[in-house]
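What follows is the content of query-v4.csv, which has CSV, C-alpha atoms and all ligand atoms:
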chain,number,residue,atom,x,y,z
A,1,MET,CA,-20.6,5.3,13.9
A,2,LEU,CA,-17.0,5.9,14.8
A,3,ILE,CA,-15.0,7.6,12.0
A,4,LEU,CA,-11.6,5.9,11.5
A,5,ALA,CA,-9.6,8.9,10.3
A,6,GLY,CA,-6.1,8.2,9.0
A,7,LYS,CA,-4.4,11.5,10.0
A,8,PRO,CA,-4.3,11.0,13.7
A,9,VAL,CA,-2.8,7.5,13.1
A,10,VAL,CA,0.0,9.1,11.0
A,11,GLU,CA,0.5,11.7,13.7
A,12,SER,CA,0.9,9.1,16.4
A,13,LEU,CA,3.3,7.0,14.3
A,14,ALA,CA,5.4,9.8,12.8
A,15,PRO,CA,7.7,10.6,15.9
A,16,ALA,CA,9.0,7.0,16.0
A,17,LEU,CA,9.8,7.1,12.2
A,18,GLU,CA,11.5,10.5,12.6
A,19,GLN,CA,13.6,9.1,15.4
A,20,GLN,CA,14.6,6.1,13.2
A,21,ILE,CA,15.5,8.4,10.4
A,22,SER,CA,17.8,10.5,12.6
A,23,ALA,CA,19.4,7.4,14.1
A,24,PHE,CA,20.0,6.1,10.5
A,25,LYS,CA,21.6,9.4,9.5
A,26,LYS,CA,23.9,9.4,12.5
A,27,ALA,CA,25.0,5.8,11.9
A,28,SER,CA,25.4,6.0,8.1
A,29,GLY,CA,26.3,9.7,7.5
A,30,ARG,CA,23.6,10.0,4.9
A,31,SER,CA,19.8,10.1,4.4
A,32,PRO,CA,17.7,7.1,3.5
A,33,ARG,CA,17.0,7.4,-0.3
A,34,LEU,CA,13.9,6.5,-2.4
A,35,ASP,CA,14.1,6.4,-6.2
A,36,VAL,CA,10.8,6.5,-8.1
A,37,VAL,CA,10.6,5.4,-11.8
A,38,LEU,CA,7.8,7.0,-13.7
A,39,VAL,CA,6.9,5.9,-17.3
A,40,GLY,CA,4.4,7.9,-19.3
A,41,ASP,CA,2.3,10.9,-18.5
A,42,ASP,CA,-0.7,9.6,-16.6
A,43,PRO,CA,-1.9,12.7,-14.7
A,44,ALA,CA,-2.9,10.8,-11.5
A,45,SER,CA,0.5,9.1,-11.4
A,46,GLN,CA,2.2,12.4,-11.7
A,47,ILE,CA,0.3,13.7,-8.7
A,48,TYR,CA,1.1,10.5,-6.7
A,49,VAL,CA,4.8,10.8,-7.5
A,50,ARG,CA,4.8,14.5,-6.5
A,51,ASN,CA,3.1,13.7,-3.2
A,52,LYS,CA,5.6,10.9,-2.4
A,53,HIS,CA,8.5,13.2,-3.2
A,54,ARG,CA,7.0,15.9,-1.0
A,55,GLU,CA,6.4,13.5,1.9
A,56,ALA,CA,9.9,12.0,1.6
A,57,THR,CA,11.4,15.5,1.6
A,58,ARG,CA,9.4,16.5,4.7
A,59,LEU,CA,10.7,13.6,6.6
A,60,GLY,CA,14.3,14.0,5.6
A,61,ILE,CA,14.3,11.1,3.1
A,62,SER,CA,16.1,11.9,-0.1
A,63,SER,CA,14.1,11.2,-3.2
A,64,GLN,CA,14.9,11.0,-6.9
A,65,VAL,CA,12.4,10.7,-9.8
A,66,HIS,CA,13.4,9.1,-13.1
A,67,SER,CA,10.9,9.9,-15.8
A,68,PHE,CA,10.5,8.1,-19.2
A,69,PRO,CA,8.1,8.9,-22.0
A,70,SER,CA,5.2,6.4,-22.6
A,71,SER,CA,7.0,5.3,-25.7
A,72,ALA,CA,10.1,4.2,-23.7
A,73,ASP,CA,11.7,0.8,-24.5
A,74,ARG,CA,11.1,-1.5,-21.5
A,75,LEU,CA,14.8,-2.7,-21.8
A,76,ASP,CA,15.9,0.9,-21.1
A,77,VAL,CA,13.7,1.1,-18.0
A,78,ARG,CA,14.9,-2.3,-16.9
A,79,ALA,CA,18.5,-1.2,-17.3
A,80,LEU,CA,17.9,1.8,-15.0
A,81,VAL,CA,16.2,-0.4,-12.4
A,82,GLU,CA,19.2,-2.8,-12.5
A,83,ARG,CA,21.6,0.2,-12.1
A,84,LEU,CA,19.6,1.4,-9.0
A,85,ASN,CA,19.6,-2.2,-7.6
A,86,ARG,CA,23.4,-2.1,-7.7
A,87,ASP,CA,23.7,1.4,-6.4
A,88,ASP,CA,24.7,1.3,-2.7
A,89,GLY,CA,23.3,4.8,-2.1
A,90,VAL,CA,19.8,3.7,-3.1
A,91,ASP,CA,17.6,2.1,-0.4
A,92,GLY,CA,14.1,1.9,-1.9
A,93,ILE,CA,12.9,1.7,-5.5
A,94,LEU,CA,9.4,2.1,-6.7
A,95,ILE,CA,8.0,1.7,-10.2
A,96,GLN,CA,4.9,3.8,-10.4
A,97,ARG,CA,1.8,2.1,-11.8
A,98,PRO,CA,0.0,2.0,-14.2
A,99,LEU,CA,2.6,1.2,-16.8
A,100,PRO,CA,2.2,1.3,-20.6
A,101,ARG,CA,0.6,-1.9,-22.0
A,102,SER,CA,3.9,-3.1,-23.5
A,103,PHE,CA,5.2,-3.8,-19.9
A,104,SER,CA,4.3,-7.2,-18.5
A,105,LEU,CA,3.3,-6.9,-14.8
A,106,SER,CA,4.7,-10.4,-14.0
A,107,GLU,CA,8.0,-9.4,-15.5
A,108,VAL,CA,8.2,-5.9,-14.0
A,109,SER,CA,7.3,-7.1,-10.6
A,110,GLN,CA,10.6,-9.0,-10.5
A,111,TRP,CA,12.9,-6.2,-11.6
A,112,VAL,CA,13.4,-4.5,-8.2
A,113,LEU,CA,15.5,-6.5,-5.7
A,114,PRO,CA,13.2,-7.7,-2.8
A,115,SER,CA,15.5,-5.9,-0.3
A,116,LYS,CA,14.8,-2.6,-2.1
A,117,ASP,CA,11.2,-3.2,-3.3
A,118,VAL,CA,9.4,-0.7,-1.0
A,119,ASP,CA,6.1,-1.3,-2.9
A,120,ALA,CA,6.5,-5.0,-2.2
A,121,PHE,CA,5.4,-6.2,-5.6
A,122,HIS,CA,8.1,-8.9,-5.9
A,123,PRO,CA,6.6,-12.4,-5.8
A,124,GLU,CA,9.2,-13.4,-3.2
A,125,LEU,CA,7.7,-10.7,-0.8
A,126,LEU,CA,4.1,-11.9,-1.3
A,127,GLY,CA,5.3,-15.4,-0.6
A,128,ARG,CA,7.1,-14.3,2.5
A,129,LEU,CA,3.9,-12.5,3.6
A,130,ALA,CA,1.8,-15.5,2.9
A,131,LEU,CA,4.1,-17.6,5.1
A,132,GLY,CA,4.3,-15.0,7.9
A,133,PHE,CA,8.0,-14.5,7.3
A,134,PRO,CA,9.7,-11.1,7.8
A,135,GLY,CA,10.1,-8.8,4.7
A,136,LEU,CA,8.8,-5.6,3.2
A,137,ALA,CA,5.0,-5.6,2.9
A,138,PRO,CA,2.6,-3.6,0.7
A,139,CYS,CA,1.9,-0.2,2.0
A,140,THR,CA,-1.9,0.0,1.8
A,141,PRO,CA,-2.6,-3.2,3.7
A,142,GLN,CA,0.1,-2.2,6.3
A,143,GLY,CA,-1.8,1.1,6.7
A,144,ILE,CA,-5.1,-0.7,7.1
A,145,LEU,CA,-3.7,-2.9,9.9
A,146,ALA,CA,-2.2,0.3,11.6
A,147,LEU,CA,-5.6,2.0,11.4
A,148,LEU,CA,-7.3,-1.0,13.1
A,149,ALA,CA,-4.5,-1.1,15.8
A,150,HIS,CA,-4.8,2.6,16.5
A,151,TYR,CA,-8.5,2.5,17.0
A,152,LYS,CA,-8.2,-0.7,19.0
A,153,VAL,CA,-10.3,-2.8,16.6
A,154,GLU,CA,-9.8,-6.4,17.5
A,155,VAL,CA,-8.8,-8.7,14.6
A,156,ALA,CA,-8.0,-12.0,16.2
A,157,GLY,CA,-11.0,-14.4,16.2
A,158,LYS,CA,-13.1,-12.1,14.0
A,159,VAL,CA,-14.6,-12.9,10.6
A,160,ALA,CA,-13.0,-10.6,8.0
A,161,CYS,CA,-14.2,-10.2,4.5
A,162,VAL,CA,-12.0,-8.6,1.8
A,163,VAL,CA,-13.6,-7.5,-1.4
A,164,GLY,CA,-10.9,-7.4,-4.1
A,165,ARG,CA,-7.9,-9.7,-4.8
A,166,SER,CA,-5.4,-7.5,-6.4
A,167,PRO,CA,-1.7,-8.3,-5.8
A,168,ILE,CA,-1.2,-5.0,-4.1
A,169,VAL,CA,-4.2,-4.6,-1.8
A,170,GLY,CA,-6.7,-7.5,-1.6
A,171,LYS,CA,-4.4,-10.5,-1.6
A,172,PRO,CA,-1.7,-9.2,0.8
A,173,LEU,CA,-4.4,-7.7,3.1
A,174,SER,CA,-6.0,-11.2,3.4
A,175,TYR,CA,-2.7,-12.7,4.3
A,176,MET,CA,-2.1,-10.0,6.9
A,177,LEU,CA,-5.5,-10.6,8.4
A,178,LEU,CA,-5.0,-14.3,8.5
A,179,ASN,CA,-1.6,-13.8,10.1
A,180,ALA,CA,-3.3,-11.7,12.7
A,181,ASN,CA,-5.7,-14.6,13.4
A,182,ALA,CA,-8.9,-13.5,11.6
A,183,SER,CA,-10.9,-15.9,9.6
A,184,VAL,CA,-10.9,-14.5,6.1
A,185,ILE,CA,-13.5,-14.5,3.3
A,186,GLN,CA,-12.1,-13.3,0.0
A,187,CYS,CA,-14.5,-11.8,-2.6
A,188,HIS,CA,-13.8,-10.7,-6.2
A,189,SER,CA,-15.4,-9.7,-9.5
A,190,ARG,CA,-16.6,-13.3,-10.1
A,191,THR,CA,-18.1,-13.8,-6.6
A,192,GLY,CA,-21.8,-14.7,-6.8
A,193,LYS,CA,-24.2,-13.1,-4.2
A,194,LEU,CA,-21.6,-10.7,-2.8
A,195,GLU,CA,-23.9,-9.6,0.0
A,196,SER,CA,-24.3,-13.2,1.4
A,197,LEU,CA,-20.6,-13.2,2.1
A,198,THR,CA,-19.9,-9.6,3.1
A,199,SER,CA,-22.8,-9.6,5.5
A,200,GLN,CA,-21.1,-12.3,7.6
A,201,ALA,CA,-18.2,-10.1,8.3
A,202,ASP,CA,-17.3,-8.4,11.6
A,203,LEU,CA,-14.6,-6.6,9.6
A,204,LEU,CA,-15.4,-5.6,6.0
A,205,PHE,CA,-12.6,-4.3,3.7
A,206,VAL,CA,-13.6,-3.0,0.3
A,207,ALA,CA,-10.9,-2.6,-2.4
A,208,ALA,CA,-12.9,-3.3,-5.6
A,209,GLY,CA,-12.3,0.0,-7.3
A,210,VAL,CA,-16.0,0.3,-8.0
A,211,PRO,CA,-17.6,3.6,-6.8
A,212,ARG,CA,-20.4,3.0,-4.2
A,213,LEU,CA,-20.4,-0.8,-4.7
A,214,ILE,CA,-21.2,-1.6,-1.1
A,215,GLY,CA,-24.5,-0.5,0.5
A,216,ARG,CA,-26.7,-1.3,3.4
A,217,GLN,CA,-27.5,-4.9,2.3
A,218,HIS,CA,-23.8,-5.8,2.3
A,219,VAL,CA,-23.1,-4.8,5.9
A,220,ARG,CA,-23.7,-6.7,9.1
A,221,PRO,CA,-25.1,-4.6,12.0
A,222,GLY,CA,-22.2,-3.4,14.1
A,223,ALA,CA,-19.5,-4.3,11.5
A,224,VAL,CA,-16.3,-2.2,11.1
A,225,VAL,CA,-16.0,-1.1,7.4
A,226,ILE,CA,-12.8,-0.1,5.8
A,227,ASP,CA,-13.2,1.7,2.4
A,228,VAL,CA,-10.0,1.5,0.3
A,229,GLY,CA,-11.5,2.6,-3.0
A,230,ILE,CA,-10.8,6.2,-4.2
A,231,HIS,CA,-12.6,7.8,-7.1
A,232,ARG,CA,-13.3,11.2,-8.6
A,233,MET,CA,-17.1,11.3,-8.3
A,234,PRO,CA,-19.5,13.0,-10.8
A,235,ASP,CA,-19.9,16.0,-8.4
A,236,GLY,CA,-16.1,16.5,-8.6
A,237,GLY,CA,-15.3,15.4,-5.1
A,238,LEU,CA,-13.6,12.2,-4.0
A,239,GLY,CA,-15.5,9.1,-2.9
A,240,GLY,CA,-15.0,5.4,-2.2
A,241,ASP,CA,-16.4,2.0,-2.9
A,242,VAL,CA,-18.9,2.2,0.0
A,243,ARG,CA,-22.2,4.1,0.2
A,244,MET,CA,-21.4,5.7,3.6
A,245,ASP,CA,-24.7,7.5,3.7
A,246,GLU,CA,-26.5,4.1,3.8
A,247,ILE,CA,-24.4,2.5,6.6
A,248,SER,CA,-23.8,5.3,9.0
A,249,ASP,CA,-26.5,4.0,11.4
A,250,LEU,CA,-25.6,0.4,10.8
A,251,ALA,CA,-21.8,0.0,11.1
A,252,SER,CA,-20.0,0.5,14.4
A,253,ALA,CA,-17.0,2.2,12.7
A,254,ALA,CA,-15.9,3.1,9.2
A,255,SER,CA,-13.0,4.8,7.4
A,256,PRO,CA,-13.9,7.8,5.3
A,257,VAL,CA,-12.8,8.6,1.7
A,258,PRO,CA,-10.9,10.9,1.5
A,259,GLY,CA,-9.0,10.9,4.9
A,260,GLY,CA,-9.1,7.3,5.9
A,261,VAL,CA,-6.7,4.7,4.4
A,262,GLY,CA,-5.1,7.2,1.9
A,263,PRO,CA,-2.9,9.2,4.3
A,264,LEU,CA,-1.5,5.9,5.8
A,265,THR,CA,-0.5,4.4,2.5
A,266,ILE,CA,2.1,7.1,1.8
A,267,PHE,CA,3.3,7.0,5.4
A,268,MET,CA,3.9,3.2,5.2
A,269,LEU,CA,5.8,3.7,2.0
A,270,MET,CA,8.2,6.0,3.9
A,271,ARG,CA,8.4,3.5,6.7
A,272,ASN,CA,9.3,0.8,4.2
A,273,VAL,CA,12.1,3.0,2.8
A,274,VAL,CA,13.5,3.5,6.2
A,275,ALA,CA,13.2,-0.2,7.1
A,276,ALA,CA,15.0,-1.1,3.8
A,277,ALA,CA,17.7,1.4,4.5
A,278,GLN,CA,18.2,0.2,8.1
A,279,ALA,CA,18.2,-3.5,7.0
A,280,ARG,CA,20.9,-2.8,4.4
A,281,LEU,CA,23.0,-0.8,7.0
A,282,ASP,CA,22.6,-3.6,9.5
A,283,THR,CA,23.8,-6.2,6.9
A,284,ALA,CA,26.7,-4.0,6.0
A,285,THR,CA,27.8,-3.5,9.6
A,286,GLY,CA,27.1,-7.1,10.6
A,287,ALA,CA,24.3,-6.0,13.0
A,288,SER,CA,21.1,-8.2,13.2
A,289,VAL,CA,18.7,-7.5,10.3
A,290,ARG,CA,15.6,-5.7,11.2
A,291,HIS,CA,12.5,-5.8,9.0
A,292,SER,CA,9.3,-3.7,8.8
B,1,LIG,P1,-7.6,-3.6,-8.9
B,1,LIG,O1,-8.5,-3.0,-10.0
B,1,LIG,O2,-6.3,-4.1,-9.2
B,1,LIG,O3,-8.4,-4.7,-8.2
B,1,LIG,C1,-9.8,-4.7,-7.9
B,1,LIG,C2,-10.3,-6.0,-7.4
B,1,LIG,O4,-11.6,-5.8,-7.1
B,1,LIG,C3,-10.1,-7.2,-8.3
B,1,LIG,O5,-9.5,-8.2,-7.6
B,1,LIG,C4,-11.6,-7.5,-8.7
B,1,LIG,O6,-11.7,-8.9,-8.8
B,1,LIG,C5,-12.4,-6.9,-7.6
B,1,LIG,N1,-13.7,-6.5,-8.0
B,1,LIG,C6,-13.9,-5.6,-9.1
B,1,LIG,N2,-15.2,-5.4,-9.2
B,1,LIG,C7,-15.9,-6.2,-8.3
B,1,LIG,C8,-17.2,-6.4,-7.9
B,1,LIG,N3,-18.2,-5.8,-8.6
B,1,LIG,N4,-17.5,-7.2,-6.9
B,1,LIG,C9,-16.5,-7.8,-6.2
B,1,LIG,N5,-15.1,-7.6,-6.5
B,1,LIG,C10,-14.9,-6.8,-7.5
B,1,LIG,O7,-7.6,-2.4,-7.8
B,1,LIG,P2,-6.6,-2.2,-6.6
B,1,LIG,O8,-5.3,-1.7,-7.0
B,1,LIG,O9,-6.7,-3.3,-5.6
B,1,LIG,O10,-7.4,-0.9,-5.9
B,1,LIG,C11,-8.7,-1.0,-5.5
B,1,LIG,C12,-9.3,0.4,-5.1
B,1,LIG,O11,-8.5,0.9,-4.1
B,1,LIG,C13,-9.1,1.4,-6.3
B,1,LIG,O12,-10.2,2.3,-6.2
B,1,LIG,C14,-7.9,2.1,-5.9
B,1,LIG,O13,-7.8,3.5,-6.4
B,1,LIG,C15,-7.9,2.1,-4.4
B,1,LIG,N6,-6.6,2.2,-3.8
B,1,LIG,C16,-6.5,3.1,-2.8
B,1,LIG,C17,-5.3,3.2,-2.1
B,1,LIG,C18,-5.2,4.2,-1.0
B,1,LIG,O14,-4.1,4.5,-0.5
B,1,LIG,N7,-6.3,4.8,-0.5
B,1,LIG,C19,-4.2,2.4,-2.4
B,1,LIG,C20,-4.4,1.5,-3.4
B,1,LIG,C21,-5.6,1.4,-4.1

Output the file's structure as structure tokens, nothing else.
Ligand code: NAD
Amino acid sequence: MLILAGKPVVESLAPALEQQISAFKKASGRSPRLDVVLVGDDPASQIYVRNKHREATRLGISSQVHSFPSSADRLDVRALVERLNRDDGVDGILIQRPLPRSFSLSEVSQWVLPSKDVDAFHPELLGRLALGFPGLAPCTPQGILALLAHYKVEVAGKVACVVGRSPIVGKPLSYMLLNANASVIQCHSRTGKLESLTSQADLLFVAAGVPRLIGRQHVRPGAVVIDVGIHRMPDGGLGGDVRMDEISDLASAASPVPGGVGPLTIFMLMRNVVAAAQARLDTATGASVRHS
């Protein structure tokens, strides 16, 4: 079984992004800028935000974190986001999830302007993706498509099965696969007989958030399996949604956890920031608009 590691993919894509960043700096006289809004003290979110800040800094993207306590009034958070939307020096805005319960996801997902929404949560962006129109796209599905492209896994004409239908992974991933000419089966928590659908797939994507959900009976011999899930396992290590030990002599290729999809997600976020910055610069200077 071929191991689809994420790091070599990032390494192969990084020079082009670095070149884009230096061209942007030359043309605009400033760095692309990402602003992250963090509400509450979820420890995992704090680690994710720190990692994003570190990666942005490494690439020469300026990054600001705006922290609120979990008791923050949503109107205050919204006022900050509106200020960042209007700020010409800000290219990308990300509201870190999970948010406290008092925040409605359908409301929050419309706060960031679609042109600055580097997480691509805005309903307009999901609509654009569904229709195959240009626009910022969610980072994890973009990373998955980049992983497949790097390892020359054919998508067109294949049967793809996506387990999970979240607005940030499962749904946009299905649209991307469909746009890349796969035939897509979508599974979710209410799917009956999961294995009867997953076992039809040439390409199986698992983003259920359930540790070790997928085993031998779910996988078609020779399938390519992409494990998106990431969990702290009882032994203290990290693991995914797939029982890799059961499928290593069955699948033709699989992405590991950790070290598969994860490194690509953060890289695609940085790519979205640069794409957003460049598109705004092109609009300001009257050049043709480029999208990620
Ligand atoms: P989510 O909880 O929002 O969605 C999970 C989806 O899985 C839902 O649509 C649900 O219907 C489906 N599901 C749940 N139980 C199921 C079951 N038993 N059978 C079939 N479907 C089931 O989660 P999410 O944000 O989409 O994330 C999914 C997983 O991917 C999580 O483990 C998350 O940590 C991980 N993740 C990893 C990265 C990364 O960069 N590696 C990025 C995003 C998410």

Proximity check segment 2-78 of chain A to segment 237-259 of chain A, 8 Å, nearest pairs one decimal Å, all atoms listed in the file, as CSV:
residue,atom,partner,partner_atom,distance
A:Leu2,CA,A:Ala253,CA,4.3
A:Ile3,CA,A:Ala254,CA,5.4
A:Leu4,CA,A:Ser255,CA,4.5
A:Ala5,CA,A:Gly259,CA,5.8
A:Gly6,CA,A:Gly259,CA,5.7
A:Lys7,CA,A:Gly259,CA,6.9

So, with all atoms listed in the file as the atoms that count, which of A:Asn85, A:Ser71, A:Thr283, A:Thr198 lies closest to ligand LIG 1 (chain B)?
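For ligand LIG 1 (chain B), the nearest of the given residues is A:Thr198.
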
So that I can check the surroundings of Gly60 of chain A, please list as a PyMOL selection string every protein, DNA and RNA residue that reaches within 12 Å of it, counting only C-alpha atoms and ignoring chain neighbours fewer than 2 positions away.
chain A and resi 17-25+30-34+53-58+62-63+270+273-274

For a quick check of your reading of the model, name the residues lying within 10 Å of the coordinate (10.6, 5.1, -1.9), counting only C-alpha atoms, and write them as an NGL selection string.
:A and (32-37 or 49 or 52-53 or 56 or 61-65 or 90-95 or 116-119 or 266 or 268-274 or 276)

Counting only C-alpha atoms and all ligand atoms, which residues of chain A fall within 8 Å of ligand LIG 1 (chain B), and what is the closest atom pair for each with its distance in Å at one decimal, ordered by chain and rising number, as a Markdown table?
| residue | atom | partner | partner_atom | distance |
| --- | --- | --- | --- | --- |
| A:Cys139 | CA | B:LIG1 | C19 | 8.0 |
| A:Thr140 | CA | B:LIG1 | C19 | 5.4 |
| A:Val163 | CA | B:LIG1 | N5 | 5.3 |
| A:Gly164 | CA | B:LIG1 | O4 | 3.5 |
| A:Arg165 | CA | B:LIG1 | O5 | 3.6 |
| A:Ser166 | CA | B:LIG1 | O5 | 4.3 |
| A:Pro167 | CA | B:LIG1 | O9 | 7.1 |
| A:Ile168 | CA | B:LIG1 | O9 | 5.9 |
| A:Val169 | CA | B:LIG1 | O9 | 4.7 |
| A:Gly170 | CA | B:LIG1 | O9 | 5.8 |
| A:Cys187 | CA | B:LIG1 | C9 | 5.7 |
| A:His188 | CA | B:LIG1 | N5 | 3.4 |
| A:Ser189 | CA | B:LIG1 | C10 | 3.6 |
| A:Arg190 | CA | B:LIG1 | O6 | 6.7 |
| A:Thr191 | CA | B:LIG1 | C9 | 6.2 |
| A:Leu194 | CA | B:LIG1 | N4 | 6.8 |
| A:Val206 | CA | B:LIG1 | C12 | 7.7 |
| A:Ala207 | CA | B:LIG1 | C11 | 4.1 |
| A:Ala208 | CA | B:LIG1 | O4 | 3.2 |
| A:Gly209 | CA | B:LIG1 | O12 | 3.3 |
| A:Val210 | CA | B:LIG1 | N2 | 5.9 |
| A:Pro211 | CA | B:LIG1 | O12 | 7.5 |
| A:Leu213 | CA | B:LIG1 | N3 | 6.7 |
| A:Val228 | CA | B:LIG1 | O11 | 4.7 |
| A:Gly229 | CA | B:LIG1 | O12 | 3.5 |
| A:Ile230 | CA | B:LIG1 | O12 | 4.4 |
| A:His231 | CA | B:LIG1 | O12 | 6.1 |
| A:Gly240 | CA | B:LIG1 | O12 | 7.0 |
| A:Asp241 | CA | B:LIG1 | O12 | 7.0 |
| A:Val257 | CA | B:LIG1 | N7 | 7.8 |
| A:Pro258 | CA | B:LIG1 | N7 | 7.9 |
| A:Gly260 | CA | B:LIG1 | N7 | 7.4 |
| A:Val261 | CA | B:LIG1 | N7 | 4.9 |
| A:Gly262 | CA | B:LIG1 | N7 | 3.6 |
| A:Pro263 | CA | B:LIG1 | O14 | 6.8 |
| A:Leu264 | CA | B:LIG1 | O14 | 7.0 |
| A:Thr265 | CA | B:LIG1 | O14 | 4.7 |
| A:Ile266 | CA | B:LIG1 | O14 | 7.1 |

Applying 8 Å and only C-alpha atoms, which residues near Ala156 of chain A remain after dropping the ones on its own chain fewer than 2 positions away? List them as a ChimeraX atom specification.
/A:154,158,180-182

Atom CA of Arg216 of chain A and atom CA of Val159 of chain A are how many Å apart?
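Taking atom CA of Arg216 of chain A and atom CA of Val159 of chain A, their separation equals 18.2 Å.
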
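For the residues A:Gln46, A:Ala16, A:Val224, A:Leu129, ranking by smallest atom-to-atom distance to Tyr151 of chain A using only C-alpha atoms places A:Val224 first.
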
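For segment 105-107 of chain A, the set of protein, DNA and RNA residues having any atom at most 12 Å away, when counting all atoms listed in the file and skipping those fewer than 5 positions along the same chain, is Arg74, Leu75, Arg78, Ile95, Gln96, Arg97, Pro98, Leu99, Pro100, Val112, Phe121, His122, Pro123, Pro167 and Ile168 of chain A.
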
Taking all atoms listed in the file into account, name the residue in A:Ala27, A:Met176, A:Leu113, A:Leu13 that is nearest to Leu281 of chain A.
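Among the listed residues, the smallest separation from Leu281 of chain A belongs to A:Ala27.
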
Any chance you could work out the axis-aligned box around segment 156-159 of chain A, listed atoms only, 5 Å on each side, giving centre and edge lengths in Å to one decimal, as lines of an AutoDock Vina configuration file?
center_x = -11.3
center_y = -13.2
center_z = 13.4
size_x = 16.6
size_y = 12.4
size_z = 15.6

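Taking atom CA of Pro138 of chain A and atom CA of Gly236 of chain A as endpoints, the distance between them is 29.0 Å.
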